[in-house]
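**Student:** One file: query.pdb (PDB, C-alpha atoms and all ligand atoms).
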ATOM      1  CA  MET A   1      20.587  37.446 -14.852
ATOM      2  CA  VAL A   2      17.780  36.764 -12.434
ATOM      3  CA  LYS A   3      18.342  37.838  -8.849
ATOM      4  CA  LYS A   4      18.747  35.097  -6.268
ATOM      5  CA  LYS A   5      15.413  33.467  -5.632
ATOM      6  CA  HIS A   6      14.201  31.391  -2.715
ATOM      7  CA  ILE A   7      10.902  29.809  -3.602
ATOM      8  CA  ILE A   8       8.689  27.355  -1.725
ATOM      9  CA  LEU A   9       6.129  25.253  -3.565
ATOM     10  CA  LEU A  10       3.175  24.361  -1.398
ATOM     11  CA  GLY A  11       0.269  22.112  -2.298
ATOM     12  CA  PRO A  12      -1.288  18.689  -1.745
ATOM     13  CA  PRO A  13       0.260  15.470  -3.047
ATOM     14  CA  GLY A  14      -0.356  15.440  -6.784
ATOM     15  CA  ALA A  15      -0.677  19.216  -7.081
ATOM     16  CA  GLY A  16       2.191  19.045  -9.561
ATOM     17  CA  LYS A  17       4.967  20.568  -7.466
ATOM     18  CA  GLY A  18       7.608  18.421  -9.161
ATOM     19  CA  THR A  19       6.296  19.130 -12.653
ATOM     20  CA  PHE A  20       6.094  22.844 -11.928
ATOM     21  CA  SER A  21       9.659  22.768 -10.598
ATOM     22  CA  TYR A  22      10.780  21.429 -13.985
ATOM     23  CA  GLN A  23       8.947  24.297 -15.673
ATOM     24  CA  ILE A  24      10.713  26.801 -13.428
ATOM     25  CA  LYS A  25      14.065  25.144 -14.142
ATOM     26  CA  LYS A  26      13.531  25.593 -17.873
ATOM     27  CA  ILE A  27      13.321  29.326 -17.199
ATOM     28  CA  ILE A  28      16.013  29.562 -14.484
ATOM     29  CA  PRO A  29      18.316  26.630 -15.365
ATOM     30  CA  ASP A  30      20.763  27.126 -12.509
ATOM     31  CA  ILE A  31      18.125  27.166  -9.763
ATOM     32  CA  ASN A  32      18.431  24.182  -7.387
ATOM     33  CA  HIS A  33      15.358  21.976  -7.207
ATOM     34  CA  ILE A  34      15.243  20.464  -3.726
ATOM     35  CA  SER A  35      12.559  17.820  -3.328
ATOM     36  CA  THR A  36      12.524  16.203   0.103
ATOM     37  CA  GLY A  37      10.530  13.284  -1.344
ATOM     38  CA  ASP A  38      13.181  12.714  -4.058
ATOM     39  CA  ILE A  39      16.013  12.892  -1.520
ATOM     40  CA  PHE A  40      14.268  10.363   0.732
ATOM     41  CA  ARG A  41      13.555   8.015  -2.185
ATOM     42  CA  GLU A  42      17.169   8.205  -3.352
ATOM     43  CA  ASN A  43      18.330   7.335   0.158
ATOM     44  CA  ILE A  44      15.877   4.436   0.319
ATOM     45  CA  THR A  45      17.123   3.086  -3.025
ATOM     46  CA  ASN A  46      20.700   3.276  -1.776
ATOM     47  CA  SER A  47      19.778   1.829   1.658
ATOM     48  CA  THR A  48      21.518   4.642   3.513
ATOM     49  CA  PRO A  49      20.907   5.085   7.272
ATOM     50  CA  LEU A  50      18.653   8.058   6.448
ATOM     51  CA  GLY A  51      16.733   5.970   3.907
ATOM     52  CA  LEU A  52      16.248   3.136   6.381
ATOM     53  CA  LYS A  53      14.847   5.571   8.944
ATOM     54  CA  ALA A  54      12.514   7.335   6.496
ATOM     55  CA  LYS A  55      11.168   4.270   4.677
ATOM     56  CA  GLU A  56       8.559   3.104   7.186
ATOM     57  CA  TYR A  57       7.017   6.582   7.521
ATOM     58  CA  ILE A  58       6.852   7.132   3.776
ATOM     59  CA  GLU A  59       5.260   3.768   3.117
ATOM     60  CA  ARG A  60       2.565   4.535   5.690
ATOM     61  CA  GLY A  61       1.946   7.977   4.145
ATOM     62  CA  GLU A  62       3.077   9.711   7.337
ATOM     63  CA  LEU A  63       5.546  12.548   7.725
ATOM     64  CA  VAL A  64       9.135  11.645   8.452
ATOM     65  CA  PRO A  65       9.957  13.127  11.917
ATOM     66  CA  ASP A  66      11.011  16.786  11.897
ATOM     67  CA  GLU A  67      14.450  16.290  13.417
ATOM     68  CA  ILE A  68      15.434  14.001  10.528
ATOM     69  CA  THR A  69      13.874  16.183   7.831
ATOM     70  CA  ASN A  70      15.062  19.536   9.198
ATOM     71  CA  ASN A  71      18.601  18.303   9.471
ATOM     72  CA  MET A  72      18.589  16.928   5.959
ATOM     73  CA  ILE A  73      17.316  20.248   4.561
ATOM     74  CA  LYS A  74      19.810  22.268   6.556
ATOM     75  CA  ASN A  75      22.684  20.235   5.098
ATOM     76  CA  ARG A  76      21.358  20.565   1.573
ATOM     77  CA  LEU A  77      20.830  24.327   1.879
ATOM     78  CA  GLU A  78      24.322  24.761   3.282
ATOM     79  CA  GLU A  79      25.783  22.918   0.300
ATOM     80  CA  ILE A  80      24.233  25.376  -2.150
ATOM     81  CA  ASP A  81      24.061  28.388   0.140
ATOM     82  CA  HIS A  82      24.471  31.360  -2.163
ATOM     83  CA  HIS A  83      22.421  29.907  -5.005
ATOM     84  CA  SER A  84      18.749  30.103  -5.859
ATOM     85  CA  TRP A  85      16.476  27.271  -4.807
ATOM     86  CA  ILE A  86      12.966  25.872  -5.109
ATOM     87  CA  LEU A  87      11.834  23.823  -2.132
ATOM     88  CA  ASP A  88       9.375  21.137  -3.205
ATOM     89  CA  GLY A  89       7.759  19.227  -0.329
ATOM     90  CA  TYR A  90       9.290  21.240   2.504
ATOM     91  CA  PRO A  91       8.163  22.705   4.853
ATOM     92  CA  ARG A  92       5.208  20.431   5.487
ATOM     93  CA  ASN A  93       4.144  21.523   8.963
ATOM     94  CA  ILE A  94       4.396  24.588  11.180
ATOM     95  CA  GLY A  95       7.430  23.254  13.077
ATOM     96  CA  GLN A  96       9.375  22.870   9.810
ATOM     97  CA  ALA A  97       8.248  26.307   8.576
ATOM     98  CA  LYS A  98       9.465  27.970  11.777
ATOM     99  CA  TYR A  99      12.748  26.090  11.579
ATOM    100  CA  LEU A 100      13.248  27.152   7.961
ATOM    101  CA  SER A 101      12.599  30.809   8.665
ATOM    102  CA  GLU A 102      15.355  30.720  11.286
ATOM    103  CA  ILE A 103      17.980  29.517   8.810
ATOM    104  CA  VAL A 104      17.120  31.272   5.507
ATOM    105  CA  THR A 105      15.153  34.087   3.904
ATOM    106  CA  ILE A 106      12.162  33.242   1.717
ATOM    107  CA  ASP A 107      11.077  35.356  -1.248
ATOM    108  CA  LEU A 108       7.942  33.635  -2.374
ATOM    109  CA  VAL A 109       5.550  30.801  -1.536
ATOM    110  CA  LEU A 110       3.497  29.466  -4.428
ATOM    111  CA  LEU A 111       0.413  27.481  -3.449
ATOM    112  CA  LEU A 112      -0.582  25.040  -6.190
ATOM    113  CA  SER A 113      -4.301  24.673  -5.866
ATOM    114  CA  VAL A 114      -6.154  21.687  -7.343
ATOM    115  CA  ASP A 115      -9.269  19.487  -6.768
ATOM    116  CA  ASP A 116      -9.202  16.048  -5.189
ATOM    117  CA  GLU A 117     -10.398  14.208  -8.338
ATOM    118  CA  ILE A 118      -7.469  15.545 -10.333
ATOM    119  CA  ILE A 119      -5.105  14.637  -7.518
ATOM    120  CA  LYS A 120      -6.241  11.004  -7.591
ATOM    121  CA  LYS A 121      -5.817  10.694 -11.347
ATOM    122  CA  ARG A 122      -2.390  12.250 -11.240
ATOM    123  CA  ILE A 123      -1.071  10.179  -8.369
ATOM    124  CA  LEU A 124      -2.462   6.851  -9.473
ATOM    125  CA  GLY A 125      -1.157   7.321 -13.048
ATOM    126  CA  ARG A 126       2.178   8.828 -12.103
ATOM    127  CA  PHE A 127       5.548   7.293 -12.984
ATOM    128  CA  ILE A 128       9.016   8.765 -13.249
ATOM    129  CA  CYS A 129      12.222   8.295 -15.195
ATOM    130  CA  SER A 130      14.504   6.423 -12.802
ATOM    131  CA  ASN A 131      17.495   8.216 -14.286
ATOM    132  CA  CYS A 132      16.527  11.910 -14.267
ATOM    133  CA  ASN A 133      13.296  11.923 -12.196
ATOM    134  CA  LYS A 134      11.191  13.494 -14.954
ATOM    135  CA  ILE A 135       7.523  12.921 -14.144
ATOM    136  CA  TYR A 136       5.087  11.237 -16.549
ATOM    137  CA  ASN A 137       1.459  10.141 -16.306
ATOM    138  CA  LYS A 138      -0.175   7.016 -17.720
ATOM    139  CA  TYR A 139      -3.383   8.924 -18.510
ATOM    140  CA  THR A 140      -2.217  12.394 -19.425
ATOM    141  CA  LEU A 141       1.486  12.634 -20.129
ATOM    142  CA  LEU A 142       3.319   9.736 -21.740
ATOM    143  CA  PRO A 143       6.885   9.998 -23.015
ATOM    144  CA  LYS A 144       6.906  10.782 -26.751
ATOM    145  CA  LYS A 145       8.859   7.720 -27.910
ATOM    146  CA  GLU A 146       7.212   4.383 -27.173
ATOM    147  CA  ILE A 147       9.220   1.176 -27.586
ATOM    148  CA  ASN A 148       6.319  -1.147 -26.718
ATOM    149  CA  THR A 149       3.529  -1.347 -24.128
ATOM    150  CA  ASN A 150       4.805   0.042 -20.804
ATOM    151  CA  HIS A 151       8.254   0.790 -22.204
ATOM    152  CA  TRP A 152       9.460   4.190 -23.452
ATOM    153  CA  ILE A 153      12.451   6.469 -24.010
ATOM    154  CA  CYS A 154      12.672   9.443 -21.624
ATOM    155  CA  ASP A 155      12.020  12.761 -23.424
ATOM    156  CA  ASP A 156      14.687  14.519 -21.390
ATOM    157  CA  CYS A 157      17.585  12.142 -20.788
ATOM    158  CA  GLY A 158      17.045   9.462 -23.458
ATOM    159  CA  LYS A 159      17.149   6.516 -21.036
ATOM    160  CA  ASP A 160      14.743   3.551 -21.211
ATOM    161  CA  ILE A 161      11.830   3.726 -18.794
ATOM    162  CA  VAL A 162       9.076   1.328 -17.790
ATOM    163  CA  PHE A 163       5.828   2.104 -15.960
ATOM    164  CA  LYS A 164       6.632   1.700 -12.305
ATOM    165  CA  GLN A 165       4.626   3.373  -9.570
ATOM    166  CA  ARG A 166       6.010   4.792  -6.368
ATOM    167  CA  THR A 167       5.308   2.410  -3.495
ATOM    168  CA  ASP A 168       3.338   5.169  -1.721
ATOM    169  CA  ASP A 169       1.162   5.916  -4.762
ATOM    170  CA  THR A 170      -1.605   3.466  -3.823
ATOM    171  CA  GLU A 171      -5.162   4.613  -3.112
ATOM    172  CA  GLU A 172      -4.933   3.769   0.595
ATOM    173  CA  THR A 173      -1.652   5.600   1.210
ATOM    174  CA  LEU A 174      -2.818   8.521  -0.882
ATOM    175  CA  ASN A 175      -5.867   8.980   1.364
ATOM    176  CA  LYS A 176      -3.582   9.001   4.365
ATOM    177  CA  ARG A 177      -1.271  11.570   2.674
ATOM    178  CA  LEU A 178      -4.279  13.785   1.902
ATOM    179  CA  ASP A 179      -5.331  13.644   5.574
ATOM    180  CA  VAL A 180      -1.820  14.559   6.656
ATOM    181  CA  TYR A 181      -1.844  17.433   4.165
ATOM    182  CA  ARG A 182      -5.127  18.852   5.534
ATOM    183  CA  LYS A 183      -4.099  18.491   9.126
ATOM    184  CA  ASN A 184      -0.391  19.399   9.091
ATOM    185  CA  THR A 185       0.471  21.232   5.887
ATOM    186  CA  GLU A 186      -2.605  23.322   5.102
ATOM    187  CA  PRO A 187      -2.049  25.551   8.183
ATOM    188  CA  LEU A 188       1.032  26.845   6.335
ATOM    189  CA  VAL A 189      -1.283  28.699   3.941
ATOM    190  CA  LYS A 190      -2.333  31.008   6.755
ATOM    191  CA  PHE A 191       1.218  31.154   8.127
ATOM    192  CA  TYR A 192       2.681  32.448   4.842
ATOM    193  CA  LYS A 193      -0.350  34.623   4.034
ATOM    194  CA  GLU A 194       0.268  36.504   7.243
ATOM    195  CA  LYS A 195       3.882  36.983   6.213
ATOM    196  CA  LYS A 196       2.626  38.309   2.850
ATOM    197  CA  LYS A 197       4.643  35.748   0.926
ATOM    198  CA  LEU A 198       1.850  33.620  -0.490
ATOM    199  CA  LYS A 199       0.556  33.541  -4.031
ATOM    200  CA  THR A 200      -2.039  30.988  -5.181
ATOM    201  CA  ILE A 201      -1.828  29.407  -8.624
ATOM    202  CA  ASN A 202      -4.528  27.378 -10.321
ATOM    203  CA  ALA A 203      -2.691  24.087 -10.843
ATOM    204  CA  LYS A 204      -5.296  22.271 -12.902
ATOM    205  CA  ASN A 205      -3.034  22.520 -15.935
ATOM    206  CA  THR A 206       0.308  24.071 -15.072
ATOM    207  CA  LEU A 207       1.799  22.682 -18.294
ATOM    208  CA  GLY A 208      -0.534  25.071 -20.123
ATOM    209  CA  TYR A 209       1.199  28.137 -18.653
ATOM    210  CA  SER A 210       3.543  30.057 -20.949
ATOM    211  CA  ASP A 211       7.036  31.090 -19.885
ATOM    212  CA  LYS A 212       5.730  34.638 -19.647
ATOM    213  CA  GLU A 213       2.994  33.601 -17.217
ATOM    214  CA  ILE A 214       5.442  31.593 -15.114
ATOM    215  CA  LYS A 215       7.813  34.565 -14.971
ATOM    216  CA  GLU A 216       4.929  36.670 -13.717
ATOM    217  CA  PHE A 217       4.220  34.152 -10.950
ATOM    218  CA  LEU A 218       7.909  34.173 -10.031
ATOM    219  CA  GLU A 219       8.095  37.966 -10.148
ATOM    220  CA  ILE A 220      11.116  37.952 -12.459
TER     221      ILE A 220
HETATM  222  P1  LIG B 301       3.761  13.974  -2.426
HETATM  223  O1  LIG B 301       3.878  15.481  -2.391
HETATM  224  O2  LIG B 301       3.196  13.469  -3.692
HETATM  225  O3  LIG B 301       3.086  13.384  -1.225
HETATM  226  P2  LIG B 301       6.632  13.678  -1.890
HETATM  227  O4  LIG B 301       7.565  13.002  -2.813
HETATM  228  O5  LIG B 301       6.789  15.147  -1.705
HETATM  229  O6  LIG B 301       5.189  13.320  -2.417
HETATM  230  O7  LIG B 301       6.720  13.006  -0.443
HETATM  231  C1  LIG B 301       6.609  11.608  -0.271
HETATM  232  C2  LIG B 301       6.703  11.256   1.210
HETATM  233  O8  LIG B 301       7.992  11.651   1.743
HETATM  234  C3  LIG B 301       5.700  11.961   2.117
HETATM  235  O9  LIG B 301       4.455  11.296   2.132
HETATM  236  C4  LIG B 301       6.442  11.898   3.474
HETATM  237  O10 LIG B 301       6.352  10.609   4.045
HETATM  238  C5  LIG B 301       7.882  12.115   3.083
HETATM  239  N1  LIG B 301       8.229  13.556   3.121
HETATM  240  C6  LIG B 301       8.492  14.365   2.065
HETATM  241  N2  LIG B 301       8.742  15.631   2.461
HETATM  242  C7  LIG B 301       8.621  15.633   3.816
HETATM  243  C8  LIG B 301       8.719  16.632   4.833
HETATM  244  N3  LIG B 301       9.001  17.901   4.535
HETATM  245  N4  LIG B 301       8.530  16.251   6.118
HETATM  246  C9  LIG B 301       8.260  14.988   6.458
HETATM  247  N5  LIG B 301       8.119  14.009   5.550
HETATM  248  C10 LIG B 301       8.295  14.303   4.251
HETATM  249 ZN    ZN B 302      14.985  10.776 -17.892
END
Translate this file's structure into structure tokens.
Ligand code: ADP
Ligand code: ZN

**Tutor:**
Amino acid sequence: MVKKKHIILLGPPGAGKGTFSYQIKKIIPDINHISTGDIFRENITNSTPLGLKAKEYIERGELVPDEITNNMIKNRLEEIDHHSWILDGYPRNIGQAKYLSEIVTIDLVLLLSVDDEIIKKRILGRFICSNCNKIYNKYTLLPKKEINTNHWICDDCGKDIVFKQRTDDTEETLNKRLDVYRKNTEPLVKFYKEKKKLKTINAKNTLGYSDKEIKEFLEI
């Protein structure tokens, strides 16, 4: 049994934080994958009060205000308190990072490092299974079973999927998200380096890493 792990994935949009979370889950199946982006999108789909508040920010490529996001994360972490978790997409600014360190301990921060050209290709080709959230890419990672053009069977859950982009995966919104990353999120690299928690991973092809390599990154 692996000891309880609290892991943060840091990196620009399109660094592959979601995909890498799936790889970690294959190795530690009972770890909780907490993606703030996924939680917001689920709330938007279900038109919850939280979703209605978050929608406008997300569609502009801006950060959802800290008081909304911090509260949402606190509730989620309380629900799973004694378990292991991977945080994907949180914290995203210094205020959130300080808040988080007041409520939990953190074992490891993995920075997924990748060039801008790769980011663009990943984001603009990205689509997900609406049932299980598995991430695919039009250019690099199609589901194995094709039914016809733009229509497949999900490799993981077996449900039908069609190519459908996220509403914030347009070129214009992506540029805005990259700006927000540089300005608000990148300072976290220094923040966690100083706390000696940070490890940088080349994320050009995380799917090429073996389980053994991933275990080394995770220190398990
Ligand atoms: P990506 O990492 O590709 O930008 P995410 O799914 O992580 O995508 O996030 C999508 C959007 O959700 C962000 O652009 C932002 O508007 C909102 N969001 C996600 N996480 C946070 C956060 N920690 N704080 C504020 N807003 C967030
Ligand atoms: Zn699926």

**Student:** Within 12 Å of range 83-85 of chain A, counting only C-alpha atoms, which residues show up once you throw out same-chain ones fewer than 2 positions away? Write them as a VMD selection string, please.

**Tutor:** chain A and resid 1 to 9 21 24 to 25 28 to 35 73 76 to 81 87 to 88 90 104 to 109

**Student:** Please measure the separation of CA of Arg60 in chain A and CA of Pro91 in chain A, giving the value in Å to one decimal.

**Tutor:**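 Calculated distance between CA of Arg60 in chain A and CA of Pro91 in chain A is 19.0 Å.
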
**Student:** Write out as JSON, numbers by chain each polymer residue (protein, DNA or RNA) that has an atom no more than 9 Å from ligand ZN 302 (chain B), with all atoms listed in the file counted.

**Tutor:** {"A": [128, 129, 130, 131, 132, 133, 134, 135, 153, 154, 155, 156, 157, 158, 159, 160, 161]}

**Student:** Please identify every polymer residue within 9 Å of ligand LIG 301 (chain B), using only C-alpha atoms and all ligand atoms, and present the set as a ChimeraX atom specification.

**Tutor:** /A:10-18,35-41,54-66,68-70,73,88-93,96,123,168-169,173-174,176-178,180-181

**Student:** Between A:Thr140, A:Leu110, A:Thr200, A:Leu52, which is the closest to Phe20 in chain A once you count all atoms listed in the file?

**Tutor:**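 Result for the nearest residue to Phe20 in chain A: A:Leu110.
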
**Student:** Grab the CA of Lys204 in chain A to CA of Ile118 in chain A distance for me, in Å with one decimal place.

**Tutor:** 7.5 Å

**Student:** Within 9 Å of Ile214 in chain A, counting all atoms listed in the file, which residues show up once you throw out same-chain ones fewer than 5 positions away? Write them as a list in words, please.

**Tutor:** Gln23, Ile24, Ile27, Tyr209, Glu219 and Ile220 of chain A

**Student:** Select, from A:Asp179, A:Tyr139, A:Asn148, A:Phe127, the residue with the minimum atom-to-atom distance to Phe163 in chain A, counting all atoms listed in the file.

**Tutor:**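 Ranking A:Asp179, A:Tyr139, A:Asn148, A:Phe127 by distance to Phe163 in chain A, first place goes to A:Phe127.
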
**Student:** In Å, with one decimal, what is the gap from CA of Glu194 in chain A to CA of Tyr99 in chain A?

**Tutor:** 16.8 Å

**Student:** Once 8 Å is added on each side, what centre and edge lengths in Å to one decimal does the axis-aligned box around all listed atoms of range 42-53 of chain A have, as AutoDock Vina command-line options?

**Tutor:**
--center_x 18.2 --center_y 5.0 --center_z 2.8 --size_x 22.7 --size_y 22.4 --size_z 28.3

**Student:** Taking into account all atoms listed in the file, which residue in the set A:Lys26, A:Asn43, A:Lys145, A:Thr170 is nearest to Lys120 in chain A?

**Tutor:**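 That would be A:Thr170, the residue with the smallest distance to Lys120 in chain A.
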
**Student:** Which of these, A:Val162, A:Leu111, A:Leu142, A:Ile94, has the shortest distance to Lys197 in chain A once you count all atoms listed in the file?

**Tutor:** A:Leu111

**Student:** Of the candidates A:Asn137, A:Ser210, A:Thr19, A:Asn202, which one gets nearest to Leu112 in chain A if we count only C-alpha atoms?

**Tutor:**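 Of A:Asn137, A:Ser210, A:Thr19, A:Asn202, the one nearest Leu112 in chain A, counting only C-alpha atoms, is A:Asn202.
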
**Student:** Written as a list in words, what is the full residue list that the PyMOL selection byres (((chain A and resi 188) around 8) and not hetatm) yields on the file shown?

**Tutor:**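 Output from the PyMOL selection byres (((chain A and resi 188) around 8) and not hetatm), applied to this file: Arg92, Asn93, Ile94, Ala97, Thr185, Glu186, Pro187, Val189, Lys190, Phe191 and Tyr192 of chain A.
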
**Student:** Complete range 159-174 of chain A at the level of N, CA, C and O atoms, written as a PDB file, in the coordinates of the input.

**Tutor:**
ATOM      1  N   LYS A 159      17.040   7.870 -21.609  1.00  0.00           N
ATOM      2  CA  LYS A 159      17.149   6.516 -21.036  1.00  0.00           C
ATOM      3  C   LYS A 159      15.849   5.728 -21.190  1.00  0.00           C
ATOM      4  O   LYS A 159      14.775   6.313 -21.280  1.00  0.00           O
ATOM      5  N   ASP A 160      15.937   4.406 -21.168  1.00  0.00           N
ATOM      6  CA  ASP A 160      14.743   3.551 -21.211  1.00  0.00           C
ATOM      7  C   ASP A 160      13.949   3.695 -19.913  1.00  0.00           C
ATOM      8  O   ASP A 160      14.537   3.701 -18.844  1.00  0.00           O
ATOM      9  N   ILE A 161      12.623   3.754 -20.021  1.00  0.00           N
ATOM     10  CA  ILE A 161      11.830   3.726 -18.794  1.00  0.00           C
ATOM     11  C   ILE A 161      10.647   2.774 -18.932  1.00  0.00           C
ATOM     12  O   ILE A 161      10.096   2.606 -20.017  1.00  0.00           O
ATOM     13  N   VAL A 162      10.269   2.173 -17.811  1.00  0.00           N
ATOM     14  CA  VAL A 162       9.076   1.328 -17.790  1.00  0.00           C
ATOM     15  C   VAL A 162       8.103   1.942 -16.780  1.00  0.00           C
ATOM     16  O   VAL A 162       8.505   2.709 -15.921  1.00  0.00           O
ATOM     17  N   PHE A 163       6.814   1.584 -16.910  1.00  0.00           N
ATOM     18  CA  PHE A 163       5.828   2.104 -15.960  1.00  0.00           C
ATOM     19  C   PHE A 163       6.050   1.442 -14.614  1.00  0.00           C
ATOM     20  O   PHE A 163       5.912   0.235 -14.476  1.00  0.00           O
ATOM     21  N   LYS A 164       6.435   2.242 -13.652  1.00  0.00           N
ATOM     22  CA  LYS A 164       6.632   1.700 -12.305  1.00  0.00           C
ATOM     23  C   LYS A 164       6.165   2.762 -11.330  1.00  0.00           C
ATOM     24  O   LYS A 164       6.662   3.876 -11.335  1.00  0.00           O
ATOM     25  N   GLN A 165       5.164   2.395 -10.517  1.00  0.00           N
ATOM     26  CA  GLN A 165       4.626   3.373  -9.570  1.00  0.00           C
ATOM     27  C   GLN A 165       5.508   3.496  -8.342  1.00  0.00           C
ATOM     28  O   GLN A 165       6.227   2.560  -7.994  1.00  0.00           O
ATOM     29  N   ARG A 166       5.397   4.658  -7.681  1.00  0.00           N
ATOM     30  CA  ARG A 166       6.010   4.792  -6.368  1.00  0.00           C
ATOM     31  C   ARG A 166       5.263   3.896  -5.396  1.00  0.00           C
ATOM     32  O   ARG A 166       4.058   3.731  -5.513  1.00  0.00           O
ATOM     33  N   THR A 167       5.982   3.334  -4.417  1.00  0.00           N
ATOM     34  CA  THR A 167       5.308   2.410  -3.495  1.00  0.00           C
ATOM     35  C   THR A 167       4.247   3.121  -2.659  1.00  0.00           C
ATOM     36  O   THR A 167       3.331   2.488  -2.147  1.00  0.00           O
ATOM     37  N   ASP A 168       4.364   4.457  -2.505  1.00  0.00           N
ATOM     38  CA  ASP A 168       3.338   5.169  -1.721  1.00  0.00           C
ATOM     39  C   ASP A 168       2.224   5.738  -2.599  1.00  0.00           C
ATOM     40  O   ASP A 168       1.362   6.453  -2.113  1.00  0.00           O
ATOM     41  N   ASP A 169       2.217   5.414  -3.881  1.00  0.00           N
ATOM     42  CA  ASP A 169       1.162   5.916  -4.762  1.00  0.00           C
ATOM     43  C   ASP A 169       0.000   4.932  -4.909  1.00  0.00           C
ATOM     44  O   ASP A 169      -0.536   4.719  -5.989  1.00  0.00           O
ATOM     45  N   THR A 170      -0.414   4.308  -3.803  1.00  0.00           N
ATOM     46  CA  THR A 170      -1.605   3.466  -3.823  1.00  0.00           C
ATOM     47  C   THR A 170      -2.764   4.291  -3.270  1.00  0.00           C
ATOM     48  O   THR A 170      -2.540   5.296  -2.604  1.00  0.00           O
ATOM     49  N   GLU A 171      -4.003   3.836  -3.531  1.00  0.00           N
ATOM     50  CA  GLU A 171      -5.162   4.613  -3.112  1.00  0.00           C
ATOM     51  C   GLU A 171      -5.183   4.799  -1.582  1.00  0.00           C
ATOM     52  O   GLU A 171      -5.431   5.892  -1.091  1.00  0.00           O
ATOM     53  N   GLU A 172      -4.871   3.715  -0.871  1.00  0.00           N
ATOM     54  CA  GLU A 172      -4.933   3.769   0.595  1.00  0.00           C
ATOM     55  C   GLU A 172      -3.922   4.776   1.162  1.00  0.00           C
ATOM     56  O   GLU A 172      -4.259   5.620   2.005  1.00  0.00           O
ATOM     57  N   THR A 173      -2.682   4.686   0.687  1.00  0.00           N
ATOM     58  CA  THR A 173      -1.652   5.600   1.210  1.00  0.00           C
ATOM     59  C   THR A 173      -1.928   7.027   0.774  1.00  0.00           C
ATOM     60  O   THR A 173      -1.686   7.979   1.512  1.00  0.00           O
ATOM     61  N   LEU A 174      -2.485   7.173  -0.425  1.00  0.00           N
ATOM     62  CA  LEU A 174      -2.818   8.521  -0.882  1.00  0.00           C
ATOM     63  C   LEU A 174      -3.839   9.176   0.051  1.00  0.00           C
ATOM     64  O   LEU A 174      -3.696  10.348   0.403  1.00  0.00           O
TER      65      LEU A 174
END
